[in-house]
Amino acid sequence: MSYLGVGVSPGNVAVHHGSDMKVFDRRVKLGELILRCVICVLALVTAVLVGTDTQVKKIFSMEKKAQFTDMKALVFLVVANGIAAAYSGVHVLRCIVSMVRGSVLFNKPLAWAIFSGDQMMTYLCLAATASATQGSLFAKLGEPALQWMKICNMYGKFCNQIGEGIASAVLVSLSMVILSAISAFSLFRLYGENKAKNNARW
């Protein structure tokens, strides 16, 4: 006997049908997989764009080469996005394996590990993107009060490619924020399920 999709067992204990929840779990897992793939690709794009960017400019009789190692914030950006790409690649494989095996939910230790890792990677990406953006703005706009000249007036191609890399890094950071919310949801819902089971026993 059931009312509104809620079955009643012989012991008069309400049993909620979980088919809809399983479908929702699969959609969450698919969304996580897509996000991790996007982060992996965009982080690689960021690292390649910034890490391979160089431009040689002849100033008077000397040649000056601009490269990402000239600014520590850009080195930090390349390293952070390289780590993010590797981290996301590992989790892409984990998501694929879990979907193939049909296991959607985590145990608590694994959920805590994923949640903690995603949080750390999110803060790392945000910090790297913010520092690189600030440094690039100084290079683009200069700072008259400190007599810092506009470097991008001389190295236009170099600055344009750095800008593309930072734009990609911003997308990585935003995707990591969304992914952190998903991993937090996946973790704390495990505690909600345990609470529901305990209430059902009573």
# chains A, B, ... in the order shown; residues from 1 in each chain; ligands from 1

call {"tool": "residues_around", "arguments": {"residues": "stretch 86-89 of chain A", "least_positions_apart": "4", "cutoff": "8 Å", "atoms": "only C-alpha atoms", "output": "PyMOL selection string"}}
result
chain A and resi 36-37+39-40+82+93

call {"tool": "write_last_selection", "arguments": {"atoms": "C-alpha atoms", "output": "PDB file, in the first residue's frame"}}
result
ATOM      1  CA  ARG A  36      36.714  17.786 -13.780  1.00  0.00           C
ATOM      2  CA  CYS A  37      37.334  17.250 -17.515  1.00  0.00           C
ATOM      3  CA  ILE A  39      39.173  21.910 -15.328  1.00  0.00           C
ATOM      4  CA  CYS A  40      41.820  19.474 -16.557  1.00  0.00           C
ATOM      5  CA  GLY A  82      49.825  22.195 -13.672  1.00  0.00           C
ATOM      6  CA  LEU A  93      39.764   8.384 -13.950  1.00  0.00           C
TER       7      LEU A  93
END

call {"tool": "closest_residue", "arguments": {"among": "A:Ala73, A:Leu49, A:Ile96, A:Leu171", "to": "A:Ile34", "atoms": "only C-alpha atoms"}}
result
A:Ile96

call {"tool": "closest_residue", "arguments": {"among": "A:Arg189, A:Lys58, A:Lys150, A:Lys64", "to": "A:Leu137", "atoms": "only C-alpha atoms"}}
result
A:Lys150
